[in-house]
Structures are given as C-alpha cells and as structure tokens.
>>> print(open('start_35.pdb').read())   # PDB, C-alpha atoms
ATOM      1  CA  MET A   1      -1.546 -24.006 134.706
ATOM      2  CA  ILE A   2      -0.748 -22.593 131.312
ATOM      3  CA  LEU A   3       2.554 -22.636 129.476
ATOM      4  CA  ARG A   4       2.834 -19.953 126.796
ATOM      5  CA  PHE A   5       5.342 -20.131 123.973
ATOM      6  CA  SER A   6       7.108 -17.020 122.781
ATOM      7  CA  SER A   7       6.193 -15.714 119.353
ATOM      8  CA  THR A   8       9.662 -16.622 118.056
ATOM      9  CA  ALA A   9       9.590 -20.220 119.339
ATOM     10  CA  THR A  10      10.460 -22.713 116.622
ATOM     11  CA  ARG A  11       8.732 -25.981 115.956
ATOM     12  CA  GLU A  12      11.677 -27.905 117.389
ATOM     13  CA  GLN A  13      11.581 -25.891 120.621
ATOM     14  CA  ARG A  14       7.850 -26.561 121.015
ATOM     15  CA  ALA A  15       8.365 -30.256 120.378
ATOM     16  CA  ALA A  16      11.209 -30.341 122.947
ATOM     17  CA  VAL A  17       8.959 -28.753 125.571
ATOM     18  CA  GLU A  18       6.181 -31.270 124.841
ATOM     19  CA  ARG A  19       8.700 -34.153 125.116
ATOM     20  CA  ALA A  20       9.944 -32.807 128.440
ATOM     21  CA  LEU A  21       6.371 -32.604 129.728
ATOM     22  CA  ARG A  22       5.649 -36.192 128.612
ATOM     23  CA  ALA A  23       8.857 -37.356 130.271
ATOM     24  CA  ALA A  24       7.688 -35.782 133.554
ATOM     25  CA  ASP A  25       4.228 -37.434 133.138
ATOM     26  CA  VAL A  26       2.472 -34.070 132.805
ATOM     27  CA  ARG A  27      -0.609 -34.065 130.607
ATOM     28  CA  ALA A  28      -0.848 -30.999 128.316
ATOM     29  CA  VAL A  29      -3.503 -29.854 125.877
ATOM     30  CA  PRO A  30      -2.556 -27.405 123.089
ATOM     31  CA  ALA A  31      -4.609 -24.196 123.154
ATOM     32  CA  ASP A  32      -4.013 -21.105 121.016
ATOM     33  CA  GLY A  33      -0.213 -20.865 121.053
ATOM     34  CA  ALA A  34       0.041 -22.316 124.545
ATOM     35  CA  LEU A  35      -0.271 -25.566 126.460
ATOM     36  CA  LEU A  36      -2.848 -26.095 129.185
ATOM     37  CA  LEU A  37      -1.265 -28.312 131.844
ATOM     38  CA  ARG A  38      -3.732 -30.736 133.450
ATOM     39  CA  ASP A  39      -1.480 -31.838 136.309
ATOM     40  CA  SER A  40      -0.071 -29.733 139.143
ATOM     41  CA  LEU A  41       3.671 -29.110 139.103
ATOM     42  CA  THR A  42       6.237 -28.783 141.839
ATOM     43  CA  LEU A  43       8.344 -25.661 142.154
ATOM     44  CA  ASP A  44      11.378 -27.430 140.657
ATOM     45  CA  GLU A  45       9.347 -28.603 137.643
ATOM     46  CA  ILE A  46       7.955 -25.097 137.133
ATOM     47  CA  LEU A  47      11.468 -23.622 137.132
ATOM     48  CA  THR A  48      12.746 -26.373 134.826
ATOM     49  CA  PHE A  49       9.957 -25.951 132.255
ATOM     50  CA  ALA A  50      10.073 -22.136 132.427
ATOM     51  CA  ALA A  51      13.806 -22.202 131.622
ATOM     52  CA  LEU A  52      13.349 -24.246 128.438
ATOM     53  CA  PRO A  53      14.041 -22.337 125.203
ATOM     54  CA  GLY A  54      10.895 -21.053 123.483
ATOM     55  CA  VAL A  55       8.872 -20.749 126.712
ATOM     56  CA  GLU A  56       7.695 -17.224 127.378
ATOM     57  CA  GLU A  57       5.659 -17.710 130.527
ATOM     58  CA  LEU A  58       4.408 -20.392 132.879
ATOM     59  CA  GLY A  59       1.532 -19.194 135.012
ATOM     60  CA  THR A  60      -1.548 -20.241 136.884
ATOM     61  CA  GLY A  61      -4.280 -18.188 135.219
ATOM     62  CA  THR A  62      -5.490 -17.907 131.700
ATOM     63  CA  ARG A  63      -5.108 -14.614 129.920
ATOM     64  CA  ALA A  64      -8.397 -13.052 128.868
ATOM     65  CA  TYR A  65      -8.577 -13.202 125.092
ATOM     66  CA  SER A  66     -10.432 -10.314 123.510
ATOM     67  CA  THR A  67     -11.971 -11.526 120.294
ATOM     68  CA  LEU A  68     -14.440  -9.773 118.031
ATOM     69  CA  ARG A  69     -17.169 -12.118 119.245
ATOM     70  CA  VAL A  70     -16.522 -11.352 122.910
ATOM     71  CA  VAL A  71     -16.336  -7.598 122.320
ATOM     72  CA  SER A  72     -19.479  -7.630 120.153
ATOM     73  CA  LEU A  73     -21.424  -9.569 122.763
ATOM     74  CA  GLY A  74     -20.291  -7.103 125.432
ATOM     75  CA  TRP A  75     -21.427  -4.114 123.394
ATOM     76  CA  LEU A  76     -24.717  -5.843 122.567
ATOM     77  CA  ALA A  77     -25.345  -6.591 126.236
ATOM     78  CA  ALA A  78     -24.586  -2.996 127.175
ATOM     79  CA  ALA A  79     -26.883  -1.628 124.441
ATOM     80  CA  CYS A  80     -29.709  -3.957 125.491
ATOM     81  CA  SER A  81     -29.257  -2.898 129.106
ATOM     82  CA  VAL A  82     -29.439   0.785 128.235
ATOM     83  CA  LEU A  83     -32.489   0.324 125.998
ATOM     84  CA  GLY A  84     -34.191  -1.808 128.641
ATOM     85  CA  LEU A  85     -33.530   0.806 131.304
ATOM     86  CA  LEU A  86     -34.842   3.588 129.055
ATOM     87  CA  THR A  87     -37.937   1.523 128.262
ATOM     88  CA  LEU A  88     -38.632   0.956 131.953
ATOM     89  CA  ILE A  89     -38.176   4.649 132.700
ATOM     90  CA  ALA A  90     -40.428   5.678 129.798
ATOM     91  CA  ALA A  91     -43.120   3.216 130.851
ATOM     92  CA  ASN A  92     -43.146   4.308 134.477
ATOM     93  CA  VAL A  93     -42.515   8.048 134.063
ATOM     94  CA  PRO A  94     -44.379   9.168 130.925
ATOM     95  CA  ALA A  95     -43.734  12.599 129.499
ATOM     96  CA  PRO A  96     -46.515  15.152 130.058
ATOM     97  CA  LEU A  97     -48.226  15.904 126.757
ATOM     98  CA  GLY A  98     -50.600  18.635 127.897
ATOM     99  CA  THR A  99     -54.292  18.277 128.410
ATOM    100  CA  PRO A 100     -55.717  14.885 127.480
ATOM    101  CA  ALA A 101     -57.713  14.722 124.268
ATOM    102  CA  ASP A 102     -61.491  14.637 124.433
ATOM    103  CA  PRO A 103     -62.657  11.830 122.130
ATOM    104  CA  LEU A 104     -66.204  13.269 121.989
ATOM    105  CA  ARG A 105     -65.236  16.731 120.679
ATOM    106  CA  THR A 106     -63.364  17.548 117.487
ATOM    107  CA  PRO A 107     -61.076  20.581 117.655
ATOM    108  CA  GLU A 108     -62.160  23.597 115.642
ATOM    109  CA  MET A 109     -59.128  23.744 113.393
ATOM    110  CA  LEU A 110     -56.624  21.000 112.684
ATOM    111  CA  ARG A 111     -53.232  22.189 111.460
ATOM    112  CA  SER A 112     -51.805  20.336 108.511
ATOM    113  CA  SER A 113     -48.209  19.337 108.125
ATOM    114  CA  TRP A 114     -45.982  22.173 106.874
ATOM    115  CA  PRO A 115     -45.210  20.628 103.443
ATOM    116  CA  LEU A 116     -48.946  20.531 102.718
ATOM    117  CA  LEU A 117     -49.653  24.128 103.771
ATOM    118  CA  PRO A 118     -49.485  25.517 100.179
ATOM    119  CA  VAL A 119     -51.851  22.797  98.946
ATOM    120  CA  HIS A 120     -54.376  23.483 101.706
ATOM    121  CA  GLY A 121     -54.004  27.205 101.065
ATOM    122  CA  LEU A 122     -54.753  26.600  97.379
ATOM    123  CA  VAL A 123     -57.845  24.543  98.228
ATOM    124  CA  GLU A 124     -59.157  27.228 100.575
ATOM    125  CA  SER A 125     -58.434  30.245  98.383
ATOM    126  CA  SER A 126     -59.325  28.873  94.939
ATOM    127  CA  PRO A 127     -62.586  29.797  93.207
ATOM    128  CA  ASP A 128     -65.306  27.197  92.829
ATOM    129  CA  TRP A 129     -64.865  26.851  89.067
ATOM    130  CA  LEU A 130     -61.169  25.794  89.396
ATOM    131  CA  PRO A 131     -60.811  21.965  89.433
ATOM    132  CA  VAL A 132     -58.401  21.732  92.382
ATOM    133  CA  SER A 133     -58.533  17.929  92.342
ATOM    134  CA  LEU A 134     -56.907  17.962  88.875
ATOM    135  CA  LEU A 135     -54.038  20.251  89.913
ATOM    136  CA  PRO A 136     -51.766  17.449  91.209
ATOM    137  CA  ALA A 137     -52.079  15.648  87.863
ATOM    138  CA  LEU A 138     -51.325  18.890  86.000
ATOM    139  CA  ALA A 139     -48.350  19.541  88.284
ATOM    140  CA  LEU A 140     -47.023  16.042  87.569
ATOM    141  CA  VAL A 141     -47.302  16.610  83.809
ATOM    142  CA  ALA A 142     -45.582  19.989  84.194
ATOM    143  CA  LEU A 143     -42.740  18.421  86.174
ATOM    144  CA  VAL A 144     -42.257  15.709  83.554
ATOM    145  CA  LEU A 145     -42.299  18.159  80.648
ATOM    146  CA  TRP A 146     -40.360  20.975  82.351
ATOM    147  CA  PRO A 147     -36.856  19.676  81.437
ATOM    148  CA  ILE A 148     -37.842  19.745  77.772
ATOM    149  CA  VAL A 149     -39.731  23.059  77.781
ATOM    150  CA  GLY A 150     -37.678  24.718  80.513
ATOM    151  CA  GLY A 151     -34.377  23.674  78.947
ATOM    152  CA  ARG A 152     -35.255  25.371  75.665
ATOM    153  CA  LEU A 153     -36.642  28.372  77.529
ATOM    154  CA  ALA A 154     -33.454  28.650  79.606
ATOM    155  CA  LEU A 155     -31.337  28.709  76.440
ATOM    156  CA  ARG A 156     -33.482  31.237  74.539
ATOM    157  CA  ALA A 157     -34.757  33.497  77.327
ATOM    158  CA  PRO A 158     -32.933  32.917  80.608
ATOM    159  CA  ARG A 159     -34.662  35.882  82.282
ATOM    160  CA  LEU A 160     -38.086  34.474  81.508
ATOM    161  CA  HIS A 161     -36.969  31.085  82.853
ATOM    162  CA  THR A 162     -35.812  32.774  86.068
ATOM    163  CA  ALA A 163     -39.072  34.744  86.255
ATOM    164  CA  PHE A 164     -41.089  31.487  86.126
ATOM    165  CA  GLY A 165     -39.020  30.077  89.007
ATOM    166  CA  VAL A 166     -39.408  33.236  91.094
ATOM    167  CA  ALA A 167     -43.160  33.340  90.361
ATOM    168  CA  ALA A 168     -43.505  29.711  91.508
ATOM    169  CA  LEU A 169     -41.612  30.461  94.719
ATOM    170  CA  VAL A 170     -43.671  33.594  95.410
ATOM    171  CA  ALA A 171     -46.940  31.731  94.772
ATOM    172  CA  THR A 172     -45.875  28.917  97.104
ATOM    173  CA  ALA A 173     -44.841  31.375  99.818
ATOM    174  CA  TRP A 174     -48.099  33.315  99.435
ATOM    175  CA  LEU A 175     -50.225  30.142  99.710
ATOM    176  CA  THR A 176     -48.244  29.000 102.748
ATOM    177  CA  LEU A 177     -48.653  32.353 104.497
ATOM    178  CA  ALA A 178     -52.340  32.463 103.615
ATOM    179  CA  GLU A 179     -52.835  29.064 105.210
ATOM    180  CA  LEU A 180     -50.829  30.029 108.311
ATOM    181  CA  ALA A 181     -52.864  33.240 108.686
ATOM    182  CA  ARG A 182     -56.154  31.356 108.454
TER     183      ARG A 182
END
>>> encode(input="start_35.pdb", output="structure tokens")
Amino acid sequence: MILRFSSTATREQRAAVERALRAADVRAVPADGALLLRDSLTLDEILTFAALPGVEELGTGTRAYSTLRVVSLGWLAAACSVLGLLTLIAANVPAPLGTPADPLRTPEMLRSSWPLLPVHGLVESSPDWLPVSLLPALALVALVLWPIVGGRLALRAPRLHTAFGVAALVATAWLTLAELAR
C-alpha cells in the first residue's frame, strides 16, 4: 500500500503519521513524497491513517510517475521499432529501379550532375588552344579579387558592373543549355 501526503502537509504532520504507523507496528519506507507500507492493514487502520491530517490518499497501487527518462526511453523504443520495421520492409520489398545495369557495357552518354553542366559544356565547346584545366584556378583568382575590382567598378560604373553580372549569367545559362542539348 502507499500513503501519499498532501502538498501542503507540514513536517509535524508527516512526523505524526510516521509515529502513528510505528505505534501500529506498520513498517513504512519513504518514497517521493509518500510512504510505501510494507505490512497489510485492516479496514479500521486504513480509515484511521487516511483521516490523519496531511494525508491525501491511502491506496493499494502506485501511481505511474512520468519522468523525462521514462518518456525518453518510450520515444526511443518507438523510434527504433519504426526504423526496424521500415528496414525489414525495405529489405524484403525492394523498390523497382528499372532495368538492371549491365556491368559489361558502358552506356553511351553519362549525364553529369546539374551543377557541373556549365563546366562540362565549357570543356566540350572550347577550342583546343584554350587551357580549360587552368580555368578553375583563374576563376578562383577572379573570385578572390572581385570584391576589390568589382567594388571600385560598382562605384564608378554601376551599369558596367551590372553588365558583367548579366554576361556571366548568360554565359552560364548558354553553357548549361549547350550541355543539355548535347
């Protein structure tokens, strides 16, 4: 059985209840604002102890305490169950991916990732004399120096600065479309 104290019970009231339990030879263990009674009580003893000041409830079961640890473990168990179920489903019912790949034959044209389309378009459409392998290094230098050069250009000739930006966008779009059309 469990004897719960009210939230307004004073220290003296709690001590009086513990003295009354000792006087009736009832063993009690303190537990989280309550007393766990080790011995069984008669109906008269239950009514006597329940009527003492400071006692909120005298019952047979323990109230389920919801702590952060208990709730977290419940959520973790639920998440693991869902992931385990999804893993089992994915392992036993794989998604159809089309025709299986032939490891002995390379496809005619491999599509590159969309951010690299302008670069591949530049490689394909550039003349032989243009050192395409040096263009990333030149682009890096241009990006580092652009705040210095572009800042002065934006102050002196804002239309020319805008024209450079539009020309870069048009060139990138043209290279991307050229690669997609290939």
>>> closest_residue(input="start_35.pdb", among="A:Pro118, A:Glu124, A:Ala15, A:Ser40", to="A:Ala168", atoms="only C-alpha atoms")
A:Pro118
>>> closest_residue(input="start_35.pdb", among="A:Leu155, A:Leu36, A:Leu175, A:Leu43", to="A:Gly121", atoms="all atoms listed in the file")
A:Leu175
>>> resolve_selection(input="start_35.pdb", expression="the PyMOL selection byres ((chain A and resi 34) around 8)", output="ChimeraX atom specification")
/A:2-5,30-33,35-36
>>> resolve_selection(input="start_35.pdb", expression="the PyMOL selection byres ((chain A and resi 6) around 8)", output="MDAnalysis selection string")
chainID A and resid 4:5 7:9 54:57
>>> closest_residue(input="start_35.pdb", among="A:Val149, A:Leu160, A:Ala154, A:Ala178", to="A:Leu117", atoms="all atoms listed in the file")
A:Ala178
>>> atom_distance(input="start_35.pdb", atom1="atom CA of A:Pro53", atom2="atom CA of A:Arg11")
11.3 Å
>>> resolve_selection(input="start_35.pdb", expression="the PyMOL selection byres ((chain A and resi 176) around 12)", output="list in words")
Ser112, Ser113, Trp114, Pro115, Leu116, Leu117, Pro118, Val119, His120, Gly121, Leu122, Val123, Glu124, Ser125, Leu169, Val170, Ala171, Thr172, Ala173, Trp174, Leu175, Leu177, Ala178, Glu179, Leu180, Ala181 and Arg182 of chain A
>>> write_last_selection(input="start_35.pdb", atoms="C-alpha atoms", output="tab-separated table (two decimals), in the coordinates of the input")
chain	number	residue	atom	x	y	z
A	112	SER	CA	-51.80	20.34	108.51
A	113	SER	CA	-48.21	19.34	108.12
A	114	TRP	CA	-45.98	22.17	106.87
A	115	PRO	CA	-45.21	20.63	103.44
A	116	LEU	CA	-48.95	20.53	102.72
A	117	LEU	CA	-49.65	24.13	103.77
A	118	PRO	CA	-49.48	25.52	100.18
A	119	VAL	CA	-51.85	22.80	98.95
A	120	HIS	CA	-54.38	23.48	101.71
A	121	GLY	CA	-54.00	27.20	101.06
A	122	LEU	CA	-54.75	26.60	97.38
A	123	VAL	CA	-57.84	24.54	98.23
A	124	GLU	CA	-59.16	27.23	100.58
A	125	SER	CA	-58.43	30.24	98.38
A	169	LEU	CA	-41.61	30.46	94.72
A	170	VAL	CA	-43.67	33.59	95.41
A	171	ALA	CA	-46.94	31.73	94.77
A	172	THR	CA	-45.88	28.92	97.10
A	173	ALA	CA	-44.84	31.38	99.82
A	174	TRP	CA	-48.10	33.32	99.44
A	175	LEU	CA	-50.22	30.14	99.71
A	177	LEU	CA	-48.65	32.35	104.50
A	178	ALA	CA	-52.34	32.46	103.62
A	179	GLU	CA	-52.84	29.06	105.21
A	180	LEU	CA	-50.83	30.03	108.31
A	181	ALA	CA	-52.86	33.24	108.69
A	182	ARG	CA	-56.15	31.36	108.45
>>> closest_residue(input="start_35.pdb", among="A:Leu110, A:Arg159, A:Gly165, A:Ile89", to="A:Trp146", atoms="all atoms listed in the file")
A:Gly165
>>> atom_distance(input="start_35.pdb", atom1="atom CA of A:Val29", atom2="atom CA of A:Glu45")
17.5 Å
>>> closest_residue(input="start_35.pdb", among="A:Pro131, A:Gly150, A:Pro100, A:Pro136", to="A:Phe164", atoms="all atoms listed in the file")
A:Gly150
>>> closest_residue(input="start_35.pdb", among="A:Thr67, A:Thr42, A:Thr162, A:Gln13", to="A:Val26", atoms="only C-alpha atoms")
A:Thr42
>>> axis_aligned_box(input="start_35.pdb", around="stretch 126-132 of chain A", padding_each_side="8 Å", output="JSON")
{"center_x": -61.9, "center_y": 25.8, "center_z": 92.0, "size_x": 22.9, "size_y": 24.1, "size_z": 21.9}
>>> build_atoms(input="start_35.pdb", residues="stretch 53-84 of chain A", atoms="N, CA and C atoms", output="JSON list (two decimals), in the coordinates of the input")
[["chain", "number", "residue", "atom", "x", "y", "z"],
["A", 53, "PRO", "N", 14.08, -23.33, 126.28],
["A", 53, "PRO", "CA", 14.04, -22.34, 125.20],
["A", 53, "PRO", "C", 12.69, -22.36, 124.49],
["A", 54, "GLY", "N", 12.18, -21.18, 124.17],
["A", 54, "GLY", "CA", 10.90, -21.05, 123.48],
["A", 54, "GLY", "C", 9.73, -20.82, 124.42],
["A", 55, "VAL", "N", 9.94, -20.96, 125.75],
["A", 55, "VAL", "CA", 8.87, -20.75, 126.71],
["A", 55, "VAL", "C", 8.91, -19.29, 127.14],
["A", 56, "GLU", "N", 7.78, -18.62, 126.99],
["A", 56, "GLU", "CA", 7.70, -17.22, 127.38],
["A", 56, "GLU", "C", 7.24, -17.07, 128.82],
["A", 57, "GLU", "N", 6.26, -17.90, 129.21],
["A", 57, "GLU", "CA", 5.66, -17.71, 130.53],
["A", 57, "GLU", "C", 5.02, -19.02, 130.98],
["A", 58, "LEU", "N", 5.06, -19.24, 132.27],
["A", 58, "LEU", "CA", 4.41, -20.39, 132.88],
["A", 58, "LEU", "C", 3.64, -19.85, 134.07],
["A", 59, "GLY", "N", 2.33, -19.81, 133.96],
["A", 59, "GLY", "CA", 1.53, -19.19, 135.01],
["A", 59, "GLY", "C", 0.34, -20.02, 135.40],
["A", 60, "THR", "N", -0.41, -19.49, 136.37],
["A", 60, "THR", "CA", -1.55, -20.24, 136.88],
["A", 60, "THR", "C", -2.85, -19.86, 136.20],
["A", 61, "GLY", "N", -3.01, -18.62, 135.79],
["A", 61, "GLY", "CA", -4.28, -18.19, 135.22],
["A", 61, "GLY", "C", -4.25, -18.19, 133.71],
["A", 62, "THR", "N", -5.40, -18.04, 133.15],
["A", 62, "THR", "CA", -5.49, -17.91, 131.70],
["A", 62, "THR", "C", -5.67, -16.43, 131.38],
["A", 63, "ARG", "N", -5.01, -15.99, 130.37],
["A", 63, "ARG", "CA", -5.11, -14.61, 129.92],
["A", 63, "ARG", "C", -6.45, -14.43, 129.23],
["A", 64, "ALA", "N", -7.10, -13.32, 129.49],
["A", 64, "ALA", "CA", -8.40, -13.05, 128.87],
["A", 64, "ALA", "C", -8.16, -12.69, 127.40],
["A", 65, "TYR", "N", -8.72, -13.46, 126.52],
["A", 65, "TYR", "CA", -8.58, -13.20, 125.09],
["A", 65, "TYR", "C", -9.74, -12.33, 124.64],
["A", 66, "SER", "N", -9.42, -11.24, 123.99],
["A", 66, "SER", "CA", -10.43, -10.31, 123.51],
["A", 66, "SER", "C", -10.62, -10.56, 122.02],
["A", 67, "THR", "N", -11.68, -11.26, 121.69],
["A", 67, "THR", "CA", -11.97, -11.53, 120.29],
["A", 67, "THR", "C", -13.12, -10.63, 119.85],
["A", 68, "LEU", "N", -13.36, -10.58, 118.57],
["A", 68, "LEU", "CA", -14.44, -9.77, 118.03],
["A", 68, "LEU", "C", -15.78, -10.26, 118.58],
["A", 69, "ARG", "N", -15.92, -11.56, 118.74],
["A", 69, "ARG", "CA", -17.17, -12.12, 119.24],
["A", 69, "ARG", "C", -17.42, -11.67, 120.68],
["A", 70, "VAL", "N", -16.38, -11.73, 121.51],
["A", 70, "VAL", "CA", -16.52, -11.35, 122.91],
["A", 70, "VAL", "C", -16.83, -9.86, 123.03],
["A", 71, "VAL", "N", -16.11, -9.04, 122.27],
["A", 71, "VAL", "CA", -16.34, -7.60, 122.32],
["A", 71, "VAL", "C", -17.73, -7.25, 121.80],
["A", 72, "SER", "N", -18.15, -7.90, 120.71],
["A", 72, "SER", "CA", -19.48, -7.63, 120.15],
["A", 72, "SER", "C", -20.57, -8.02, 121.13],
["A", 73, "LEU", "N", -20.42, -9.15, 121.78],
["A", 73, "LEU", "CA", -21.42, -9.57, 122.76],
["A", 73, "LEU", "C", -21.46, -8.60, 123.95],
["A", 74, "GLY", "N", -20.31, -8.08, 124.35],
["A", 74, "GLY", "CA", -20.29, -7.10, 125.43],
["A", 74, "GLY", "C", -21.02, -5.82, 125.06],
["A", 75, "TRP", "N", -20.75, -5.34, 123.85],
["A", 75, "TRP", "CA", -21.43, -4.11, 123.39],
["A", 75, "TRP", "C", -22.93, -4.36, 123.24],
["A", 76, "LEU", "N", -23.30, -5.53, 122.73],
["A", 76, "LEU", "CA", -24.72, -5.84, 122.57],
["A", 76, "LEU", "C", -25.42, -5.91, 123.92],
["A", 77, "ALA", "N", -24.76, -6.51, 124.90],
["A", 77, "ALA", "CA", -25.34, -6.59, 126.24],
["A", 77, "ALA", "C", -25.49, -5.20, 126.84],
["A", 78, "ALA", "N", -24.50, -4.35, 126.65],
["A", 78, "ALA", "CA", -24.59, -3.00, 127.18],
["A", 78, "ALA", "C", -25.71, -2.21, 126.49],
["A", 79, "ALA", "N", -25.83, -2.34, 125.17],
["A", 79, "ALA", "CA", -26.88, -1.63, 124.44],
["A", 79, "ALA", "C", -28.26, -2.11, 124.87],
["A", 80, "CYS", "N", -28.42, -3.42, 125.04],
["A", 80, "CYS", "CA", -29.71, -3.96, 125.49],
["A", 80, "CYS", "C", -30.03, -3.48, 126.90],
["A", 81, "SER", "N", -29.02, -3.39, 127.75],
["A", 81, "SER", "CA", -29.26, -2.90, 129.11],
["A", 81, "SER", "C", -29.71, -1.45, 129.10],
["A", 82, "VAL", "N", -29.06, -0.63, 128.30],
["A", 82, "VAL", "CA", -29.44, 0.78, 128.24],
["A", 82, "VAL", "C", -30.85, 0.94, 127.67],
["A", 83, "LEU", "N", -31.15, 0.23, 126.58],
["A", 83, "LEU", "CA", -32.49, 0.32, 126.00],
["A", 83, "LEU", "C", -33.55, -0.21, 126.95],
["A", 84, "GLY", "N", -33.24, -1.28, 127.66],
["A", 84, "GLY", "CA", -34.19, -1.81, 128.64],
["A", 84, "GLY", "C", -34.44, -0.83, 129.76]]
